[in-house]
Structure formats: structure tokens, C-alpha cells
Amino acid sequence: MTAPIAALSGLDLRAEIDRLRKERNAVILAHYYQRPEIQDLADFVGDSLDLSRKAAATDAAVIAFCGVRFMAETAKILSPDKTVILPDRDAGCSLEDSCPPDEFAAFRAAHPDHIALTYINCSTEVKALSDIIVTSSSAEVILSKIAPDQKIIFGPDRHLGGYLNRKFGRDMLLWPGVCIVHEAFSETELIKLKVLHPGAPVAAHPECPPHIIDHADYVGSTSGILRYAQTTPAQTLIVATEPHIIHQMQLAMPDKTFIGAPGADGNCNCNICPYMALNTLEKLYLALRDLTPAVHIEENLRLAAKKSLDAMLTMAADTVGQGDLGAR
Ligand code: 13P
Ligand code: SF4
């Protein structure tokens, strides 16, 4: 990658991306954790549920997915006839890495009376081994539709699963994965921040561990956090999720102040997702130009994974995402 990127100096990347987007009939989808310059030129910015709905509904020929690999794979599962490109093929996810498909298959086999409710942050293979996929914005509505006596295994995020267990009084068996970004928030530093900003509510993503969730006034997905920021009368908010979402908050609410929750030493960069950060304008330009890296999924595997995603889209059909807050 280094040589071609160095050769791009002097190009007006934004204009070139715009030209290629039209030439290729491409739609650029971006997650809220992407760099501001990518969010600013995306056709749509959203959370995992919004983005999968957009990917399923688009009539573009090419989906340029500025997010991580499981998101681009989800787009391909739902829109197999589209060319789906991911600017950096190494943009993975610690939750996906924590859950190798063979180990997950053994876990399932050991609990034959359980269904598998699985967070979308996993590989296509794990989706194919699951019954219902959830995102952080669809998990609550989906879980509330599952009979209370139904035994469930939940993976790969033990913090999201634990949060759901506590909130709904369930006893789901949890896979022991974590998001390295949300795991890094420091409770001590968060308390210091709350003392500095008395009255500022804390909005936290459910991937955070319980000692952070316990300080939250609102817990929800990225789109839920955006909605909360818009509806709370508070002028200052502490945001316990990946800090690039603050870009959308500032665009939508320029008069409010948003403070990212700190990591261990108070000012480390450990709350920036290193996988999301791999995508850059240069790599997006090259991906649109060369239509690579492209996502390919073997058809039987795709169809198996699609069942659990379709189950989510059906069960969460009435779930409202942030909508077009980030749309261009
Ligand atoms: P949502 O945007 O669906 O809340 O997910 C957050 C996340 O960690 C994506 O990797
Ligand atoms: Fe995965 Fe966490 Fe990055 Fe989201 S923020 S992509 S869960 S590592």
C-alpha cells in the first residue's frame, strides 16, 4: 500500500473520490467511528443496523464500505450482486478475533438446547452458526421478543451480553469476548471528569464494562447516543464510546460541548479504534479506482449467514435508527 499512496500526493482526493463515485455508480457508507474526513464525504453515516439496512436497499453497483470487515461482509451477504469494497482489508475487530468459528461451533454443540443470539461484530462463519444476529440498537427489541424460558448463548461481546442479562433479568451464557476500545475506558478518570463537569450526563455504549455503565445516564448504540445528545437539555455531555462519533454530534449540535471519556492515563489514544482508523481517504480513493480490496463470500456460507441476518432485520423492522442525521 505504501508506494501507491505516496504517489498520490498532489491529487485532489475529495474531487477524485467524487468523480469515481459517479463513474462507478458507487455509494459510500461510513460508520460513526470513521475519521471526520471520511464521514464528511460519505453518502450515509450510521450505526451497524442503519448501515446494514442501507446496504440491503441500495441500487448502487458498488458499495464502498468505510467501516470494518464484518460490516463490509454483512453488506455483501445482504447485497451479493454488488461489488463491496473495504478501503483496508486489515480493518478487523477484536470481538471478531475473540470468536474463532471452530470454537464457537464447539460451544454451540455443547449447549444443544440453547439458541445462538449473536452480536453482528463477528465473522461470516460465526453468523452462519447463529440463529439471530443483533446490533447494539436492535438487541433489546429482539431479546424482548424471545420467550423468557428460551435458553440462549450470546457472543462474542460479554459486556453487551451482561448488560442485556442485567436489564432483562436473563441468564444468557456469555462468550468471553470484549471490544478493546470500550474495555480501555478508565473508571477513575471518568469520575474525575464527572467532578470537573458536574451535571454533565454520561452516555455510554453497551460494549463498555459494567464499572463504566454504572456511571452512565444513558446506555445505547452509537445512533442511540446521538439521539440522546439531541434530546437531553444538557449542554455538556460525556461520551463513553469511540470518540470519532463526536464529529457528528458537533455537526448536529454546534452549541453543545462533548467530552470523550478518557482511557487509563487520562489522555492516551487507547479509545480510538485502531481497526476503524486504518481506513483513509487515500485508501478509499485507491479502492474506488481499482475496485479492490473486494469482499468475496462462498455462496453456501453466504446463504447460511443470511438467515441469521434476515432474522434480525425482520425482528427489528420496527426499530428506528438515527435515520438520516448523517446523510449527505
Ligand atoms: P453500533 O454503531 O451499532 O452501536 O456499533 C458500535 C461498534 O462498535 C461497531 O463496531
Ligand atoms: Fe470492534 Fe471495538 Fe473497533 Fe467496534 S470499536 S470495530 S467493536 S474493536
# chains A, B, ... in the order shown; residues from 1 in each chain; ligands from 1
call {"tool": "residues_near_ligand", "arguments": {"ligand": "ligand 2", "cutoff": "6 Å", "atoms": "only C-alpha atoms and all ligand atoms", "output": "count of residues only"}}
result
9
call {"tool": "closest_atom_pairs", "arguments": {"of": "chain A", "to": "ligand 1", "cutoff": "6 Å", "atoms": "only C-alpha atoms and all ligand atoms", "output": "CSV"}}
result
residue,atom,partner,partner_atom_place_in_ligand_line,distance
A:Asp47,CA,ligand 1,2 (O),3.5
A:Ser48,CA,ligand 1,3 (O),3.8
A:Leu49,CA,ligand 1,3 (O),5.9
A:Thr135,CA,ligand 1,3 (O),5.3
A:Ser136,CA,ligand 1,3 (O),5.0
A:Ser221,CA,ligand 1,4 (O),3.5
A:Thr222,CA,ligand 1,4 (O),4.0
call {"tool": "closest_residue", "arguments": {"among": "A:Lys307, A:Glu282, A:Pro233, A:Met312", "to": "Gly10 of chain A", "atoms": "only C-alpha atoms"}}
result
A:Glu282
call {"tool": "residues_around", "arguments": {"residues": "Lys127 of chain A", "least_positions_apart": "4", "cutoff": "10 Å", "atoms": "only C-alpha atoms", "output": "list in words"}}
result
Phe70, Thr74, Pro101, Ala116, Leu117, Thr118, Tyr119, Ile120, Asn121, Cys122, Ser123, Asp131, Ile132, Ile133, Leu301, Arg302, Ala304, Ala305, Lys306, Lys307, Ser308 and Leu309 of chain A
call {"tool": "write_last_selection", "arguments": {"atoms": "N, CA, C and O atoms", "output": "mmCIF file, in the first residue's frame"}}
result
data_model
loop_
_atom_site.group_PDB
_atom_site.id
_atom_site.type_symbol
_atom_site.label_atom_id
_atom_site.label_comp_id
_atom_site.auth_asym_id
_atom_site.auth_seq_id
_atom_site.Cartn_x
_atom_site.Cartn_y
_atom_site.Cartn_z
ATOM 1 N N PHE A 70 -16.293 -6.973 9.247
ATOM 2 C CA PHE A 70 -17.569 -7.672 9.440
ATOM 3 C C PHE A 70 -18.726 -6.841 8.873
ATOM 4 O O PHE A 70 -19.747 -7.384 8.459
ATOM 5 N N THR A 74 -21.149 -8.073 5.929
ATOM 6 C CA THR A 74 -22.610 -8.017 6.093
ATOM 7 C C THR A 74 -23.252 -7.413 4.851
ATOM 8 O O THR A 74 -24.279 -7.903 4.351
ATOM 9 N N PRO A 101 -14.517 -19.476 14.583
ATOM 10 C CA PRO A 101 -15.706 -20.269 14.262
ATOM 11 C C PRO A 101 -15.664 -21.694 14.806
ATOM 12 O O PRO A 101 -16.687 -22.195 15.271
ATOM 13 N N ALA A 116 -28.564 -19.463 19.501
ATOM 14 C CA ALA A 116 -27.421 -18.537 19.496
ATOM 15 C C ALA A 116 -27.875 -17.171 19.014
ATOM 16 O O ALA A 116 -28.245 -16.994 17.851
ATOM 17 N N LEU A 117 -27.855 -16.229 19.960
ATOM 18 C CA LEU A 117 -28.126 -14.820 19.667
ATOM 19 C C LEU A 117 -26.752 -14.169 19.579
ATOM 20 O O LEU A 117 -25.990 -14.216 20.556
ATOM 21 N N THR A 118 -26.414 -13.621 18.432
ATOM 22 C CA THR A 118 -25.017 -13.234 18.221
ATOM 23 C C THR A 118 -24.908 -11.787 17.756
ATOM 24 O O THR A 118 -25.639 -11.348 16.865
ATOM 25 N N TYR A 119 -23.966 -11.081 18.387
ATOM 26 C CA TYR A 119 -23.682 -9.683 18.031
ATOM 27 C C TYR A 119 -23.094 -9.648 16.627
ATOM 28 O O TYR A 119 -22.279 -10.507 16.259
ATOM 29 N N ILE A 120 -23.493 -8.652 15.864
ATOM 30 C CA ILE A 120 -23.084 -8.554 14.455
ATOM 31 C C ILE A 120 -21.559 -8.450 14.298
ATOM 32 O O ILE A 120 -21.018 -8.759 13.232
ATOM 33 N N ASN A 121 -20.858 -8.059 15.390
ATOM 34 C CA ASN A 121 -19.400 -7.928 15.352
ATOM 35 C C ASN A 121 -18.749 -9.312 15.415
ATOM 36 O O ASN A 121 -18.138 -9.703 16.407
ATOM 37 N N CYS A 122 -18.909 -10.082 14.350
ATOM 38 C CA CYS A 122 -18.343 -11.438 14.281
ATOM 39 C C CYS A 122 -18.140 -11.791 12.810
ATOM 40 O O CYS A 122 -18.627 -11.079 11.921
ATOM 41 N N SER A 123 -17.464 -12.895 12.584
ATOM 42 C CA SER A 123 -17.177 -13.305 11.204
ATOM 43 C C SER A 123 -18.437 -13.823 10.511
ATOM 44 O O SER A 123 -19.433 -14.176 11.166
ATOM 45 N N ASP A 131 -28.404 -18.200 15.193
ATOM 46 C CA ASP A 131 -29.830 -18.180 14.844
ATOM 47 C C ASP A 131 -30.311 -16.766 14.541
ATOM 48 O O ASP A 131 -31.058 -16.558 13.589
ATOM 49 N N ILE A 132 -29.911 -15.830 15.383
ATOM 50 C CA ILE A 132 -30.366 -14.451 15.202
ATOM 51 C C ILE A 132 -29.182 -13.519 15.470
ATOM 52 O O ILE A 132 -28.492 -13.655 16.493
ATOM 53 N N ILE A 133 -28.966 -12.579 14.569
ATOM 54 C CA ILE A 133 -27.937 -11.552 14.785
ATOM 55 C C ILE A 133 -28.593 -10.349 15.450
ATOM 56 O O ILE A 133 -29.770 -10.060 15.209
ATOM 57 N N LEU A 301 -21.976 -20.480 2.272
ATOM 58 C CA LEU A 301 -21.695 -19.784 3.532
ATOM 59 C C LEU A 301 -22.538 -18.504 3.609
ATOM 60 O O LEU A 301 -23.139 -18.188 4.642
ATOM 61 N N ARG A 302 -22.605 -17.782 2.513
ATOM 62 C CA ARG A 302 -23.390 -16.539 2.486
ATOM 63 C C ARG A 302 -24.857 -16.819 2.825
ATOM 64 O O ARG A 302 -25.452 -16.130 3.661
ATOM 65 N N ALA A 304 -26.124 -19.291 4.467
ATOM 66 C CA ALA A 304 -26.281 -19.699 5.869
ATOM 67 C C ALA A 304 -26.214 -18.471 6.785
ATOM 68 O O ALA A 304 -26.999 -18.340 7.738
ATOM 69 N N ALA A 305 -25.295 -17.562 6.490
ATOM 70 C CA ALA A 305 -25.161 -16.355 7.328
ATOM 71 C C ALA A 305 -26.357 -15.421 7.138
ATOM 72 O O ALA A 305 -26.774 -14.723 8.070
ATOM 73 N N LYS A 306 -26.904 -15.417 5.933
ATOM 74 C CA LYS A 306 -28.020 -14.509 5.627
ATOM 75 C C LYS A 306 -29.257 -14.830 6.482
ATOM 76 O O LYS A 306 -30.019 -13.938 6.848
ATOM 77 N N LYS A 307 -29.424 -16.119 6.813
ATOM 78 C CA LYS A 307 -30.609 -16.496 7.607
ATOM 79 C C LYS A 307 -30.641 -15.745 8.941
ATOM 80 O O LYS A 307 -31.681 -15.233 9.345
ATOM 81 N N SER A 308 -29.491 -15.719 9.621
ATOM 82 C CA SER A 308 -29.493 -15.066 10.944
ATOM 83 C C SER A 308 -29.589 -13.542 10.803
ATOM 84 O O SER A 308 -30.172 -12.867 11.651
ATOM 85 N N LEU A 309 -29.034 -13.000 9.714
ATOM 86 C CA LEU A 309 -29.174 -11.550 9.483
ATOM 87 C C LEU A 309 -30.608 -11.193 9.111
ATOM 88 O O LEU A 309 -31.152 -10.184 9.575
#
call {"tool": "residues_around", "arguments": {"residues": "Ala26 of chain A", "least_positions_apart": "2", "cutoff": "8 Å", "atoms": "only C-alpha atoms", "output": "JSON list (two decimals) with all heavy atoms, in the first residue's frame"}}
result
[["chain", "number", "residue", "atom", "x", "y", "z"],
["A", 20, "LEU", "N", -14.95, 9.27, -9.07],
["A", 20, "LEU", "CA", -15.03, 7.80, -9.14],
["A", 20, "LEU", "C", -16.37, 7.29, -8.62],
["A", 20, "LEU", "O", -16.92, 6.33, -9.14],
["A", 20, "LEU", "CB", -13.88, 7.18, -8.34],
["A", 20, "LEU", "CG", -12.51, 7.29, -9.00],
["A", 20, "LEU", "CD1", -11.41, 6.95, -8.00],
["A", 20, "LEU", "CD2", -12.42, 6.38, -10.22],
["A", 21, "ARG", "N", -16.87, 7.95, -7.59],
["A", 21, "ARG", "CA", -18.18, 7.54, -7.04],
["A", 21, "ARG", "C", -19.24, 7.59, -8.14],
["A", 21, "ARG", "O", -20.06, 6.69, -8.27],
["A", 21, "ARG", "CB", -18.53, 8.46, -5.87],
["A", 21, "ARG", "CG", -20.00, 8.53, -5.56],
["A", 21, "ARG", "CD", -20.34, 9.21, -4.26],
["A", 21, "ARG", "NE", -19.56, 10.37, -3.87],
["A", 21, "ARG", "CZ", -19.47, 10.81, -2.62],
["A", 21, "ARG", "NH1", -20.10, 10.18, -1.66],
["A", 21, "ARG", "NH2", -18.76, 11.89, -2.33],
["A", 22, "LYS", "N", -19.18, 8.66, -8.96],
["A", 22, "LYS", "CA", -20.18, 8.78, -10.05],
["A", 22, "LYS", "C", -19.88, 7.77, -11.14],
["A", 22, "LYS", "O", -20.78, 7.06, -11.61],
["A", 22, "LYS", "CB", -20.17, 10.21, -10.60],
["A", 22, "LYS", "CG", -20.76, 11.20, -9.62],
["A", 22, "LYS", "CD", -20.76, 12.63, -10.15],
["A", 22, "LYS", "CE", -21.06, 13.61, -9.02],
["A", 22, "LYS", "NZ", -19.94, 14.46, -8.65],
["A", 23, "GLU", "N", -18.63, 7.69, -11.56],
["A", 23, "GLU", "CA", -18.27, 6.77, -12.65],
["A", 23, "GLU", "C", -18.61, 5.32, -12.32],
["A", 23, "GLU", "O", -19.03, 4.55, -13.17],
["A", 23, "GLU", "CB", -16.75, 6.84, -12.88],
["A", 23, "GLU", "CG", -16.37, 7.93, -13.86],
["A", 23, "GLU", "CD", -14.85, 7.99, -14.02],
["A", 23, "GLU", "OE1", -14.14, 6.96, -13.90],
["A", 23, "GLU", "OE2", -14.38, 9.12, -14.24],
["A", 24, "ARG", "N", -18.39, 4.96, -11.08],
["A", 24, "ARG", "CA", -18.60, 3.57, -10.65],
["A", 24, "ARG", "C", -20.03, 3.29, -10.21],
["A", 24, "ARG", "O", -20.35, 2.17, -9.85],
["A", 24, "ARG", "CB", -17.69, 3.25, -9.44],
["A", 24, "ARG", "CG", -16.20, 3.36, -9.71],
["A", 24, "ARG", "CD", -15.76, 2.17, -10.47],
["A", 24, "ARG", "NE", -14.33, 2.03, -10.49],
["A", 24, "ARG", "CZ", -13.70, 1.33, -11.42],
["A", 24, "ARG", "NH1", -14.39, 0.76, -12.40],
["A", 24, "ARG", "NH2", -12.40, 1.21, -11.39],
["A", 28, "ILE", "N", -21.04, 5.44, -0.86],
["A", 28, "ILE", "CA", -20.03, 5.36, 0.21],
["A", 28, "ILE", "C", -20.76, 5.35, 1.55],
["A", 28, "ILE", "O", -21.46, 6.30, 1.90],
["A", 28, "ILE", "CB", -19.04, 6.55, 0.13],
["A", 28, "ILE", "CG1", -18.33, 6.54, -1.23],
["A", 28, "ILE", "CG2", -18.03, 6.49, 1.28],
["A", 28, "ILE", "CD1", -17.43, 7.75, -1.49],
["A", 60, "ALA", "N", -27.07, 1.07, -5.90],
["A", 60, "ALA", "CA", -25.74, 1.36, -6.46],
["A", 60, "ALA", "C", -25.08, 0.05, -6.90],
["A", 60, "ALA", "O", -25.42, -1.03, -6.40],
["A", 60, "ALA", "CB", -24.88, 2.04, -5.40],
["A", 61, "ALA", "N", -24.13, 0.15, -7.83],
["A", 61, "ALA", "CA", -23.43, -1.06, -8.29],
["A", 61, "ALA", "C", -22.30, -1.43, -7.34],
["A", 61, "ALA", "O", -21.92, -2.59, -7.21],
["A", 61, "ALA", "CB", -22.88, -0.83, -9.69],
["A", 62, "VAL", "N", -21.75, -0.40, -6.67],
["A", 62, "VAL", "CA", -20.59, -0.61, -5.80],
["A", 62, "VAL", "C", -20.90, -0.03, -4.42],
["A", 62, "VAL", "O", -21.43, 1.09, -4.32],
["A", 62, "VAL", "CB", -19.34, 0.10, -6.38],
["A", 62, "VAL", "CG1", -18.15, 0.02, -5.42],
["A", 62, "VAL", "CG2", -18.96, -0.49, -7.74],
["A", 63, "ILE", "N", -20.60, -0.80, -3.39],
["A", 63, "ILE", "CA", -20.70, -0.28, -2.02],
["A", 63, "ILE", "C", -19.28, -0.12, -1.50],
["A", 63, "ILE", "O", -18.55, -1.11, -1.36],
["A", 63, "ILE", "CB", -21.49, -1.24, -1.09],
["A", 63, "ILE", "CG1", -22.92, -1.45, -1.62],
["A", 63, "ILE", "CG2", -21.50, -0.71, 0.34],
["A", 63, "ILE", "CD1", -23.71, -2.54, -0.86],
["A", 64, "ALA", "N", -18.87, 1.12, -1.26],
["A", 64, "ALA", "CA", -17.56, 1.36, -0.65],
["A", 64, "ALA", "C", -17.82, 1.47, 0.85],
["A", 64, "ALA", "O", -18.43, 2.44, 1.31],
["A", 64, "ALA", "CB", -16.94, 2.64, -1.19]]
